[in-house]
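Engineer: Here you go, this is data.cif (mmCIF, C-alpha atoms and all ligand atoms).
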```cif
data_protein
#
loop_
_atom_site.label_atom_id
_atom_site.label_comp_id
_atom_site.auth_asym_id
_atom_site.auth_seq_id
_atom_site.Cartn_x
_atom_site.Cartn_y
_atom_site.Cartn_z
CA MET A 162 122.99 100.24 99.74
CA ASN A 163 125.01 101.41 96.78
CA ILE A 164 122.71 101.50 93.76
CA ARG A 165 124.36 101.83 90.39
CA ILE A 166 122.41 104.21 88.15
CA GLU A 167 122.35 104.16 84.37
CA LEU A 168 120.19 106.97 83.06
CA SER A 169 117.91 106.59 80.06
CA LYS A 170 119.14 108.25 76.90
CA ASN A 171 115.61 108.37 75.51
CA PRO A 172 113.25 109.83 78.13
CA LYS A 173 109.64 109.33 77.08
CA PRO A 174 107.06 112.11 76.86
CA LYS A 175 104.76 112.07 79.91
CA PRO A 176 101.19 110.98 79.12
CA LYS A 177 98.32 113.46 79.50
CA ILE A 178 96.33 113.20 82.73
CA ASP A 179 93.26 112.12 80.73
CA ASP A 180 95.18 109.17 79.25
CA LEU A 181 96.25 107.73 82.58
CA ALA A 182 94.61 104.31 82.43
CA PHE A 183 95.90 101.99 85.17
CA GLY A 184 99.01 99.98 84.34
CA LYS A 185 99.52 101.16 80.78
CA ASN A 186 102.17 103.86 81.14
CA PHE A 187 105.61 103.29 82.58
CA SER A 188 108.32 105.71 83.65
CA ASP A 189 111.84 105.88 82.19
CA HIS A 190 113.70 103.67 84.66
CA MET A 191 113.39 100.47 86.66
CA PHE A 192 115.19 99.00 89.64
CA VAL A 193 116.75 95.56 89.25
CA MET A 194 118.63 93.34 91.74
CA ASP A 195 119.65 89.70 91.52
CA TYR A 196 119.84 86.89 94.04
CA SER A 197 121.93 83.78 94.33
CA PRO A 198 122.27 81.50 97.37
CA GLU A 199 126.01 82.27 97.46
CA LYS A 200 125.83 86.05 97.16
CA GLY A 201 122.39 86.83 98.59
CA TRP A 202 120.86 89.91 96.92
CA TYR A 203 123.50 91.61 94.78
CA ASP A 204 124.10 94.20 92.06
CA PRO A 205 121.29 96.67 92.84
CA ARG A 206 120.89 98.96 89.86
CA ILE A 207 118.53 101.45 88.29
CA ILE A 208 118.55 101.11 84.53
CA PRO A 209 116.42 102.36 81.63
CA TYR A 210 112.94 100.76 81.59
CA GLY A 211 112.85 97.97 79.03
CA PRO A 212 112.30 94.29 78.25
CA ILE A 213 113.87 91.61 80.43
CA SER A 214 115.54 88.79 78.58
CA VAL A 215 114.99 85.36 80.16
CA ASP A 216 115.69 81.77 79.18
CA PRO A 217 112.55 80.08 77.76
CA ALA A 218 112.84 77.41 80.48
CA THR A 219 112.72 79.96 83.33
CA THR A 220 110.84 78.62 86.38
CA SER A 221 108.65 81.72 86.81
CA LEU A 222 107.32 81.39 83.25
CA HIS A 223 106.28 77.76 83.64
CA TYR A 224 105.26 77.38 87.27
CA GLY A 225 104.44 80.94 88.27
CA GLN A 226 107.08 81.23 90.97
CA LEU A 227 106.58 84.98 91.00
CA ILE A 228 105.31 87.36 93.66
CA PHE A 229 104.54 91.05 93.53
CA GLU A 230 103.44 94.09 95.48
CA GLY A 231 101.56 97.29 94.69
CA LEU A 232 101.77 100.71 96.32
CA LYS A 233 101.69 104.35 95.28
CA ALA A 234 103.83 107.48 95.59
CA TYR A 235 102.02 110.80 95.91
CA LYS A 236 103.18 114.38 95.42
CA SER A 237 101.88 116.71 98.10
CA GLU A 238 100.91 120.26 97.33
CA ASP A 239 104.11 121.55 98.96
CA GLY A 240 106.23 119.21 96.79
CA ARG A 241 106.91 116.33 99.23
CA LEU A 242 107.06 112.84 97.73
CA LEU A 243 105.08 110.49 99.97
CA LEU A 244 104.69 106.71 100.18
CA PHE A 245 101.84 105.18 102.17
CA ARG A 246 102.88 102.55 104.75
CA PRO A 247 105.61 100.98 102.55
CA HIS A 248 106.82 98.84 105.48
CA GLU A 249 103.53 96.95 105.22
CA ASN A 250 104.26 96.12 101.58
CA ALA A 251 107.80 95.04 102.48
CA ALA A 252 106.45 92.75 105.20
CA ARG A 253 103.75 91.31 102.93
CA MET A 254 106.28 90.70 100.14
CA ASN A 255 108.25 88.54 102.59
CA ILE A 256 105.12 86.65 103.67
CA SER A 257 104.43 85.89 99.99
CA ALA A 258 108.11 84.94 99.50
CA GLU A 259 108.01 82.49 102.39
CA ARG A 260 104.88 80.77 100.99
CA MET A 261 106.39 80.48 97.52
CA CYS A 262 109.84 79.20 98.65
CA MET A 263 111.52 82.43 97.60
CA PRO A 264 114.20 84.48 99.42
CA SER A 265 113.10 87.35 101.63
CA VAL A 266 114.28 90.91 101.07
CA ASP A 267 115.49 93.16 103.87
CA PRO A 268 112.68 95.75 104.25
CA ALA A 269 115.29 98.54 104.48
CA LEU A 270 116.71 97.43 101.13
CA PHE A 271 113.23 97.13 99.59
CA ILE A 272 112.17 100.60 100.76
CA GLY A 273 115.57 102.12 99.94
CA ALA A 274 115.23 100.85 96.36
CA ILE A 275 111.72 102.33 96.05
CA GLU A 276 112.91 105.64 97.50
CA LYS A 277 115.78 105.92 95.01
CA LEU A 278 113.60 105.03 92.04
CA VAL A 279 110.74 107.34 93.04
CA ALA A 280 113.13 110.24 93.67
CA LEU A 281 114.66 109.71 90.23
CA GLU A 282 111.21 109.52 88.60
CA LYS A 283 109.71 112.41 90.57
CA ASP A 284 108.67 114.24 87.40
CA TRP A 285 106.53 111.19 86.54
CA ILE A 286 104.38 111.68 89.64
CA PRO A 287 101.19 113.45 88.58
CA ASN A 288 99.57 115.63 91.21
CA SER A 289 96.01 116.29 90.10
CA PRO A 290 93.26 114.76 92.29
CA GLY A 291 93.15 110.96 92.26
CA THR A 292 96.46 110.53 90.46
CA ALA A 293 99.68 108.96 91.75
CA LEU A 294 102.75 107.05 90.67
CA TYR A 295 101.92 103.35 90.92
CA ILE A 296 104.86 101.22 92.09
CA ARG A 297 105.00 97.54 91.16
CA PRO A 298 107.83 95.53 92.77
CA PHE A 299 108.05 91.86 91.80
CA ILE A 300 110.38 88.94 92.38
CA MET A 301 110.70 86.29 89.70
CA ALA A 302 112.43 82.93 89.78
CA THR A 303 115.20 82.93 87.17
CA ASP A 304 116.61 79.38 86.99
CA PRO A 305 116.40 77.91 83.47
CA MET A 306 115.05 74.56 84.64
CA LEU A 307 111.84 72.62 84.03
CA GLY A 308 111.83 70.49 87.19
CA VAL A 309 109.07 71.52 89.61
CA THR A 310 111.37 72.69 92.35
CA PRO A 311 112.21 76.12 93.76
CA SER A 312 114.63 78.16 91.69
CA SER A 313 117.99 79.04 93.19
CA GLY A 314 118.30 82.38 91.38
CA TYR A 315 115.83 85.28 91.59
CA ARG A 316 115.44 88.81 90.31
CA LEU A 317 113.71 91.69 92.07
CA VAL A 318 112.41 94.29 89.65
CA ILE A 319 110.56 97.50 90.50
CA ILE A 320 108.69 99.36 87.79
CA THR A 321 106.58 102.49 88.16
CA GLY A 322 104.01 104.35 86.13
CA PRO A 323 101.63 107.29 86.51
CA THR A 324 98.05 106.34 87.20
CA GLY A 325 94.85 108.36 87.01
CA PRO A 326 91.72 108.34 89.16
CA TYR A 327 90.20 104.85 89.60
CA PHE A 328 86.74 106.29 89.00
CA LYS A 329 86.78 108.49 85.92
CA GLY A 330 83.77 110.63 86.83
CA GLY A 331 84.39 110.54 90.61
CA MET A 332 83.72 107.80 93.17
CA ALA A 333 80.57 105.84 92.27
CA PRO A 334 78.89 102.67 93.61
CA VAL A 335 79.75 99.48 91.72
CA ARG A 336 77.76 96.35 90.84
CA ILE A 337 79.15 93.09 92.20
CA PHE A 338 78.51 89.51 91.15
CA ALA A 339 78.85 86.79 93.80
CA GLU A 340 80.83 84.01 92.08
CA ASP A 341 79.34 80.60 92.93
CA GLU A 342 81.13 78.48 90.34
CA HIS A 343 84.85 79.20 90.66
CA VAL A 344 86.85 79.96 93.79
CA ARG A 345 89.93 82.11 94.35
CA ALA A 346 91.49 80.53 97.41
CA VAL A 347 91.26 77.69 99.88
CA LYS A 348 92.57 77.28 103.42
CA GLY A 349 96.12 75.97 103.14
CA GLY A 350 96.43 77.44 99.63
CA THR A 351 98.02 80.70 98.53
CA GLY A 352 95.16 83.19 98.89
CA PHE A 353 97.02 85.31 101.44
CA ALA A 354 100.08 85.59 99.18
CA LYS A 355 100.41 88.04 96.33
CA CYS A 356 101.54 85.41 93.85
CA ALA A 357 100.92 85.55 90.10
CA GLY A 358 98.85 82.35 89.89
CA ASN A 359 96.09 83.73 92.17
CA TYR A 360 95.42 86.43 89.61
CA ALA A 361 95.62 84.16 86.55
CA GLY A 362 93.03 81.89 88.17
CA SER A 363 90.68 84.81 88.87
CA MET A 364 90.51 86.16 85.32
CA LYS A 365 87.79 83.85 84.00
CA SER A 366 85.34 84.86 86.73
CA GLN A 367 86.18 88.51 86.31
CA PHE A 368 85.68 88.20 82.56
CA ASN A 369 82.33 86.42 82.98
CA ALA A 370 81.11 89.02 85.50
CA LYS A 371 82.07 91.88 83.16
CA GLU A 372 80.20 90.18 80.31
CA LYS A 373 77.10 90.17 82.51
CA GLY A 374 77.51 93.88 83.22
CA PHE A 375 79.10 93.71 86.68
CA ASN A 376 82.22 95.56 87.78
CA GLN A 377 83.70 92.97 90.14
CA VAL A 378 83.40 89.45 91.47
CA LEU A 379 82.64 88.69 95.10
CA TRP A 380 84.61 85.58 96.05
CA LEU A 381 83.03 82.98 98.31
CA ASP A 382 84.85 80.32 100.35
CA ALA A 383 85.90 77.13 98.57
CA ILE A 384 84.18 74.60 100.86
CA HIS A 385 80.71 75.89 101.74
CA ARG A 386 80.49 78.39 98.89
CA LYS A 387 78.82 80.76 101.29
CA TYR A 388 81.34 82.70 103.36
CA ILE A 389 82.36 86.00 101.81
CA GLU A 390 86.09 86.35 101.16
CA GLU A 391 87.01 89.41 99.10
CA CYS A 392 85.93 91.39 96.11
CA GLY A 393 88.04 91.15 92.94
CA ALA A 394 91.46 92.34 94.08
CA MET A 395 90.04 94.27 97.04
CA ASN A 396 88.97 93.53 100.60
CA VAL A 397 85.37 94.10 101.55
CA PHE A 398 83.44 95.68 104.44
CA PHE A 399 79.74 95.74 105.34
CA ILE A 400 78.18 98.10 107.85
CA ILE A 401 75.58 95.88 109.53
CA ASP A 402 73.56 97.39 112.35
CA GLY A 403 76.20 100.09 112.69
CA ILE A 404 79.03 97.54 113.09
CA ALA A 405 81.75 97.29 110.44
CA VAL A 406 82.08 93.63 109.50
CA THR A 407 84.91 92.33 107.33
CA PRO A 408 85.99 88.74 106.58
CA GLU A 409 88.77 87.51 108.86
CA LEU A 410 92.27 86.96 107.47
CA GLY A 411 93.39 83.51 106.36
CA THR A 412 92.58 83.01 102.71
CA VAL A 413 92.23 86.69 101.81
CA LEU A 414 95.02 89.16 101.16
CA ASP A 415 95.99 91.20 104.21
CA GLY A 416 95.33 94.52 102.48
CA VAL A 417 97.18 97.62 103.62
CA THR A 418 94.00 99.63 102.98
CA ARG A 419 91.92 97.07 104.92
CA LYS A 420 94.32 97.33 107.87
CA SER A 421 94.19 101.14 107.71
CA VAL A 422 90.38 101.19 107.46
CA VAL A 423 90.07 98.91 110.51
CA GLU A 424 92.31 101.28 112.52
CA ILE A 425 90.49 104.42 111.37
CA LEU A 426 87.02 102.98 112.05
CA LYS A 427 88.08 101.93 115.55
CA SER A 428 89.51 105.41 116.19
CA TRP A 429 86.11 106.84 115.21
CA GLY A 430 84.46 104.61 117.81
CA ILE A 431 82.90 102.28 115.22
CA LEU A 432 82.94 98.64 116.29
CA VAL A 433 84.84 96.41 113.84
CA GLU A 434 84.31 92.66 113.60
CA GLU A 435 86.75 90.51 111.63
CA ARG A 436 84.80 87.28 111.28
CA PRO A 437 83.20 84.88 108.82
CA ILE A 438 80.19 86.47 107.07
CA ALA A 439 77.83 84.10 105.29
CA ILE A 440 76.24 85.55 102.19
CA ASP A 441 72.81 84.37 103.39
CA GLU A 442 73.41 86.29 106.64
CA LEU A 443 74.12 89.35 104.51
CA ALA A 444 71.03 88.76 102.37
CA ALA A 445 68.85 88.48 105.52
CA ALA A 446 70.40 91.61 107.05
CA CYS A 447 69.87 93.39 103.77
CA ALA A 448 66.20 92.34 103.59
CA ALA A 449 65.74 93.56 107.17
CA GLY A 450 67.21 96.94 106.21
CA LYS A 451 70.21 96.46 108.52
CA VAL A 452 72.99 96.94 105.95
CA GLY A 453 73.78 100.62 106.01
CA GLU A 454 76.53 100.49 103.42
CA ALA A 455 79.16 98.27 101.87
CA PHE A 456 82.50 99.03 100.27
CA CYS A 457 85.69 97.50 98.93
CA THR A 458 89.17 98.65 99.92
CA GLY A 459 92.47 98.56 98.02
CA THR A 460 95.43 100.63 96.90
CA ALA A 461 93.97 101.24 93.43
CA ALA A 462 90.51 102.57 94.37
CA VAL A 463 91.14 103.28 98.08
CA ILE A 464 87.38 102.96 98.78
CA SER A 465 84.94 101.57 96.25
CA PRO A 466 81.30 101.72 97.43
CA ILE A 467 79.12 98.74 96.52
CA GLY A 468 75.70 99.69 95.17
CA GLU A 469 74.37 96.29 94.22
CA LEU A 470 75.25 92.67 94.87
CA GLN A 471 73.89 89.84 92.72
CA TRP A 472 73.84 86.40 94.38
CA GLY A 473 72.13 83.81 92.19
CA GLU A 474 68.62 85.15 91.58
CA LYS A 475 68.86 87.60 94.48
CA THR A 476 69.71 91.24 93.93
CA MET A 477 70.77 93.06 97.09
CA ARG A 478 70.72 96.82 96.96
CA LEU A 479 73.37 98.21 99.28
CA SER A 480 74.07 101.75 100.45
CA SER A 481 70.71 102.67 98.80
CA GLY A 482 72.70 102.55 95.57
CA GLU A 483 74.62 105.66 96.70
CA ILE A 484 77.94 106.49 98.32
CA GLY A 485 77.49 105.85 102.04
CA ALA A 486 78.56 108.45 104.59
CA ILE A 487 81.21 106.16 106.14
CA SER A 488 82.61 105.23 102.71
CA GLN A 489 82.94 108.90 101.81
CA LYS A 490 84.48 109.86 105.15
CA LEU A 491 86.98 106.98 104.98
CA HIS A 492 87.91 107.90 101.43
CA ASP A 493 88.48 111.53 102.34
CA GLU A 494 90.56 110.67 105.40
CA LEU A 495 92.74 108.08 103.65
CA VAL A 496 93.32 110.12 100.51
CA GLY A 497 93.89 113.26 102.60
CA VAL A 498 96.65 111.54 104.58
CA GLN A 499 98.13 109.84 101.51
CA ILE A 500 98.58 113.09 99.60
CA GLY A 501 99.77 114.99 102.66
CA ALA A 502 96.71 117.26 102.80
CA ARG A 503 95.52 116.01 106.21
CA PRO A 504 97.55 115.57 109.40
CA ASP A 505 99.17 112.14 109.58
CA THR A 506 98.58 111.39 113.26
CA ARG A 507 99.34 107.67 112.85
CA GLY A 508 102.75 108.01 111.17
CA TRP A 509 101.59 106.26 108.01
CA THR A 510 103.20 108.46 105.39
CA HIS A 511 106.83 107.94 104.48
CA LYS A 512 108.69 110.90 103.00
CA VAL A 513 110.98 110.02 100.10
CA PRO A 514 114.32 111.80 100.41
CA LEU A 515 115.16 113.74 97.26
CA GLN A 516 118.35 112.79 95.36
CA ASP A 517 121.62 114.25 96.62
C1 LIG B 601 93.52 89.91 96.16
C2 LIG B 601 93.66 91.27 96.74
N1 LIG B 601 92.93 91.59 97.81
C3 LIG B 601 93.03 92.80 98.41
C4 LIG B 601 93.87 93.76 97.90
C5 LIG B 601 93.97 95.10 98.58
O1 LIG B 601 95.24 95.24 99.20
P1 LIG B 601 95.87 96.67 99.41
O2 LIG B 601 94.92 97.42 100.27
O3 LIG B 601 97.17 96.39 100.11
O4 LIG B 601 96.05 97.27 98.08
C6 LIG B 601 94.64 93.48 96.76
C7 LIG B 601 95.53 94.49 96.19
O5 LIG B 601 96.70 94.44 96.39
C8 LIG B 601 94.55 92.20 96.17
O6 LIG B 601 95.28 91.88 95.10
#
```
Do you think you could lay out the structure here as structure tokens?
Structural biologist:
Amino acid sequence: MNIRIELSKNPKPKPKIDDLAFGKNFSDHMFVMDYSPEKGWYDPRIIPYGPISVDPATTSLHYGQLIFEGLKAYKSEDGRLLLFRPHENAARMNISAERMCMPSVDPALFIGAIEKLVALEKDWIPNSPGTALYIRPFIMATDPMLGVTPSSGYRLVIITGPTGPYFKGGMAPVRIFAEDEHVRAVKGGTGFAKCAGNYAGSMKSQFNAKEKGFNQVLWLDAIHRKYIEECGAMNVFFIIDGIAVTPELGTVLDGVTRKSVVEILKSWGILVEERPIAIDELAAACAAGKVGEAFCTGTAAVISPIGELQWGEKTMRLSSGEIGAISQKLHDELVGVQIGARPDTRGWTHKVPLQD
């Protein structure tokens, strides 16, 4: 792929590590590529980071025909630039694209574009503990047309920005609120896709939970309002009677971290069950002292231990309000591999070639 590069004439100062709030700082350049049915994907280019001009009637603005991905680039101690399982993000992007009537992107093209951009922005990758360069690819529909029908034109954009540790004072258990009024997804809907509307629809619950002093929302299924789905924008695991239980795929996002955690747990000889978990089953297990620990998984936090879960009037204390041993061990293994500090026996890290 021949990517045209136009360098920024006004490189920005890099933010201080302490100022690295998630999603607020962006590097100097972005990758852009357009799509038309006649040409396919064309004109791949890296240009200075900046506003995108679109027609006010653009389909993505009105009907949310927009999908995205999220992954990180890490700088190892010996200076390697590493991505974590980027082929999984490429595959998931295409699953989202299929659901939203959007064109797929050749994974080699997708990863090649990320590699070029990350190599160019290598000085933007922080390397103190817990930091990384967050990479946000998205595809937006670009037709200026108000009919509710798939766009014919699309744009793939990839932006990046340095991000600091998810937990400011180190990993700590969070308080979760089980949402019993609104739902995130329904079978046959778009829950498994990373499409913009899923996140817009989740904001009210997240806002309400924060107002009540909770960190995240635990989503329940749309029909029975009892089966656990996921936690905010993370997947969720419970260690019940020594078995790792996580909701099966279907309406939840097929998280790259979830997939990795399942593989690691199995390799440690821990039984993993991907199955429906009713919240009353969890409450009963909790009351019987069978829930050893609980944690959320996702690119942003990697592992986020759950200390407390509020379900109606019931307060479940999980992991004795502390970081469980499995949560800590998983965190250390995943982060160790991601930053190139531990051996990558599963071939999960992807080395970014430096610019010629
Ligand atoms: C709804 C949702 N669930 C789960 C996840 C975790 O996925 P991953 O581990 O790929 O970051 C994310 C984050 O992308 C998400 O948005």
Engineer: Sorted by chain and rising residue number, which residues of chain A lie within 6 Å of ligand LIG 601 (chain B), and what are their closest atom pairs and distances in Å to one decimal, counting only C-alpha atoms and all ligand atoms, as CSV?
Structural biologist:
```
residue,atom,partner,partner_atom,distance
A:Gly231,CA,B:LIG601,O5,5.9
A:Ala394,CA,B:LIG601,C2,3.6
A:Met395,CA,B:LIG601,C3,3.6
A:Asn396,CA,B:LIG601,C3,4.7
A:Leu414,CA,B:LIG601,N1,4.6
A:Gly416,CA,B:LIG601,O1,3.4
A:Val417,CA,B:LIG601,O3,3.7
A:Thr418,CA,B:LIG601,O2,3.6
A:Arg419,CA,B:LIG601,O2,5.5
A:Thr458,CA,B:LIG601,O2,5.9
A:Gly459,CA,B:LIG601,O2,3.5
A:Thr460,CA,B:LIG601,O4,3.6
```
Engineer: Next, the residues of the selection above should be written as a compact mmCIF listing (two decimals), in the frame of the given file with C-alpha atoms.
Structural biologist:
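Here's the written file out-v1.txt:
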```
# COMPACT_ATOMS: atom_id res chain seq x y z
CA GLY A 231 101.56 97.29 94.69
CA ALA A 394 91.46 92.34 94.08
CA MET A 395 90.04 94.27 97.04
CA ASN A 396 88.97 93.53 100.60
CA LEU A 414 95.02 89.16 101.16
CA GLY A 416 95.33 94.52 102.48
CA VAL A 417 97.18 97.62 103.62
CA THR A 418 94.00 99.63 102.98
CA ARG A 419 91.92 97.07 104.92
CA THR A 458 89.17 98.65 99.92
CA GLY A 459 92.47 98.56 98.02
CA THR A 460 95.43 100.63 96.90
```
Engineer: So how far away is atom CA of A:Val433 from atom CA of A:Thr412, in Å?
Structural biologist: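 Spanning atom CA of A:Thr412 to atom CA of A:Val433 is a straight-line distance of 19.1 Å.
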Engineer: Padding 8 Å on every side, please: axis-aligned box over the listed atoms of stretch 298-314 of chain A, centre and edge lengths to one decimal in Å, as AutoDock Vina command-line options.
Structural biologist:
```
--center_x 113.1 --center_y 83.0 --center_z 88.6 --size_x 26.5 --size_y 41.0 --size_z 26.3
```
Engineer: Just checking: using all atoms listed in the file, which residue out of A:Lys373, A:Arg436, A:Arg241, A:Lys329 ends up closest to A:Leu515?
Structural biologist: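 Nearest to A:Leu515: A:Arg241.
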Engineer: Please determine, counting all atoms listed in the file, which residue among A:Leu232, A:Leu294, A:Leu317, A:Leu281 has the shortest atom-to-atom distance to A:Met263.
Structural biologist: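 Result for the nearest residue to A:Met263: A:Leu317.
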Engineer: Compile a residue-level contact table for stretch 253-344 of chain A against stretch 199-208 of chain A at a cut-off of 10 Å, reporting for every qualifying residue the shortest atom pair and its distance in Å to one decimal, with all atoms listed in the file counted, rows ordered by chain and ascending number, as CSV.
Structural biologist:
```
residue,atom,partner,partner_atom,distance
A:Pro264,CA,A:Gly201,CA,8.6
A:Ser265,CA,A:Trp202,CA,9.4
A:Val266,CA,A:Trp202,CA,7.8
A:Asp267,CA,A:Trp202,CA,9.4
A:Leu270,CA,A:Pro205,CA,9.5
A:Ala274,CA,A:Pro205,CA,8.2
A:Lys277,CA,A:Ile207,CA,8.5
A:Leu278,CA,A:Ile207,CA,7.2
A:Leu281,CA,A:Ile207,CA,9.3
A:Ser313,CA,A:Glu199,CA,9.6
A:Gly314,CA,A:Gly201,CA,9.4
A:Tyr315,CA,A:Trp202,CA,8.7
A:Arg316,CA,A:Trp202,CA,8.6
A:Leu317,CA,A:Trp202,CA,8.8
A:Val318,CA,A:Ile207,CA,9.5
A:Ile319,CA,A:Ile207,CA,9.2
```
Engineer: Which residue out of A:Ala280, A:Met162, A:Ala182, A:Ala444 has the minimum interatomic distance to A:Pro514 when only C-alpha atoms are used?
Structural biologist: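 That would be A:Ala280, the residue with the smallest distance to A:Pro514.
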Engineer: Excluding A:Lys233 and residues on its chain fewer than 6 positions from it, collect all residues at most 7 Å away from it, counting all atoms listed in the file, and give them as a VMD selection string.
Structural biologist: chain A and resid 244 to 245 293 to 296
Engineer: Taking into account only C-alpha atoms, which residue in the set A:Leu243, A:Ile178, A:Ile404, A:Ala234 is nearest to A:Ser289?
Structural biologist: A:Ile178
Engineer: List as number ranges by chain: which residues have an atom within 10 Å of (78.3, 80.2, 102.9), counting all atoms listed in the file?
Structural biologist: A: 381-389, 437-442
Engineer: Write out as a PyMOL selection string which residues come within 9 Å of A:Gly362 when counting all atoms listed in the file, dropping same-chain ones fewer than 6 positions away.
Structural biologist: chain A and resi 343-345
Engineer: Please, what distance in Å, to one decimal, runs between atom CA of A:Leu426 and atom CA of A:Ala486?
Structural biologist: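 Value for the atom CA of A:Leu426-atom CA of A:Ala486 distance: 12.5 Å.
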Engineer: Given only C-alpha atoms as the basis, pick out the residue of A:Ile484, A:Ile337, A:Met254, A:Ala405 nearest to A:Ser366.
Structural biologist: A:Ile337
Engineer: What's the separation between atom CA of A:Ala346 and atom CA of A:Glu391, in Å to one decimal place?
Structural biologist: 10.1 Å
Engineer: My list of candidates is A:Cys356, A:Ile256, A:Val422, A:Leu181. Which is closest to A:Ser488 when distances are computed with all atoms listed in the file?
Structural biologist: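 For A:Ser488, the nearest of the given residues is A:Val422.
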Engineer: Any chance you could tabulate, as JSON lines, the residues of stretch 264-367 of chain A at most 12 Å from stretch 496-508 of chain A with each one's nearest atom pair and distance in Å to one decimal, using only C-alpha atoms, in chain and rising number order?
Structural biologist:
```
{"residue": "A:Ile286", "atom": "CA", "partner": "A:Ile500", "partner_atom": "CA", "distance": 11.6}
{"residue": "A:Pro287", "atom": "CA", "partner": "A:Ile500", "partner_atom": "CA", "distance": 11.3}
{"residue": "A:Asn288", "atom": "CA", "partner": "A:Ile500", "partner_atom": "CA", "distance": 8.8}
{"residue": "A:Ser289", "atom": "CA", "partner": "A:Ile500", "partner_atom": "CA", "distance": 10.3}
{"residue": "A:Pro290", "atom": "CA", "partner": "A:Ile500", "partner_atom": "CA", "distance": 9.2}
{"residue": "A:Gly291", "atom": "CA", "partner": "A:Val496", "partner_atom": "CA", "distance": 8.3}
{"residue": "A:Thr292", "atom": "CA", "partner": "A:Ile500", "partner_atom": "CA", "distance": 9.7}
{"residue": "A:Ala293", "atom": "CA", "partner": "A:Ile500", "partner_atom": "CA", "distance": 8.9}
{"residue": "A:Leu294", "atom": "CA", "partner": "A:Ile500", "partner_atom": "CA", "distance": 11.6}
{"residue": "A:Pro326", "atom": "CA", "partner": "A:Val496", "partner_atom": "CA", "distance": 11.6}
```
Engineer: Give me, as a VMD selection string, all polymer residues having an atom no more than 8 Å from A:Phe398, counting only C-alpha atoms and skipping those fewer than 3 positions away in the same chain.
Structural biologist: chain A and resid 405 to 408 455 to 458
Engineer: How would the residues just picked look written out with C-alpha atoms as a PDB file, in the frame of the given file?
Structural biologist:
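Dumped everything to part21.pdb:
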```pdb
ATOM      1  CA  ALA A 405      81.750  97.290 110.440  1.00  0.00           C
ATOM      2  CA  VAL A 406      82.080  93.630 109.500  1.00  0.00           C
ATOM      3  CA  THR A 407      84.910  92.330 107.330  1.00  0.00           C
ATOM      4  CA  PRO A 408      85.990  88.740 106.580  1.00  0.00           C
ATOM      5  CA  ALA A 455      79.160  98.270 101.870  1.00  0.00           C
ATOM      6  CA  PHE A 456      82.500  99.030 100.270  1.00  0.00           C
ATOM      7  CA  CYS A 457      85.690  97.500  98.930  1.00  0.00           C
ATOM      8  CA  THR A 458      89.170  98.650  99.920  1.00  0.00           C
TER       9      THR A 458
END
```
Engineer: Quick one: residues within 10 Å of A:Gly411, all atoms listed in the file counted, chain neighbours fewer than 6 positions away excluded, as a count of residues only?
Structural biologist: 9
Engineer: Residues within 12 Å of (99.6, 80.6, 91.6), file coordinates, counting all atoms listed in the file: what are they? Give the list as a list in words.
Structural biologist: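 Residues with an atom close enough to that point: Ser221, Leu222, His223, Tyr224, Gly225, Gln226, Leu227, Ile228, Phe229, Ser257, Arg260, Met261, Arg345, Ala346, Gly350, Thr351, Gly352, Phe353, Ala354, Lys355, Cys356, Ala357, Gly358, Asn359, Tyr360, Ala361, Gly362 and Ser363 of chain A.
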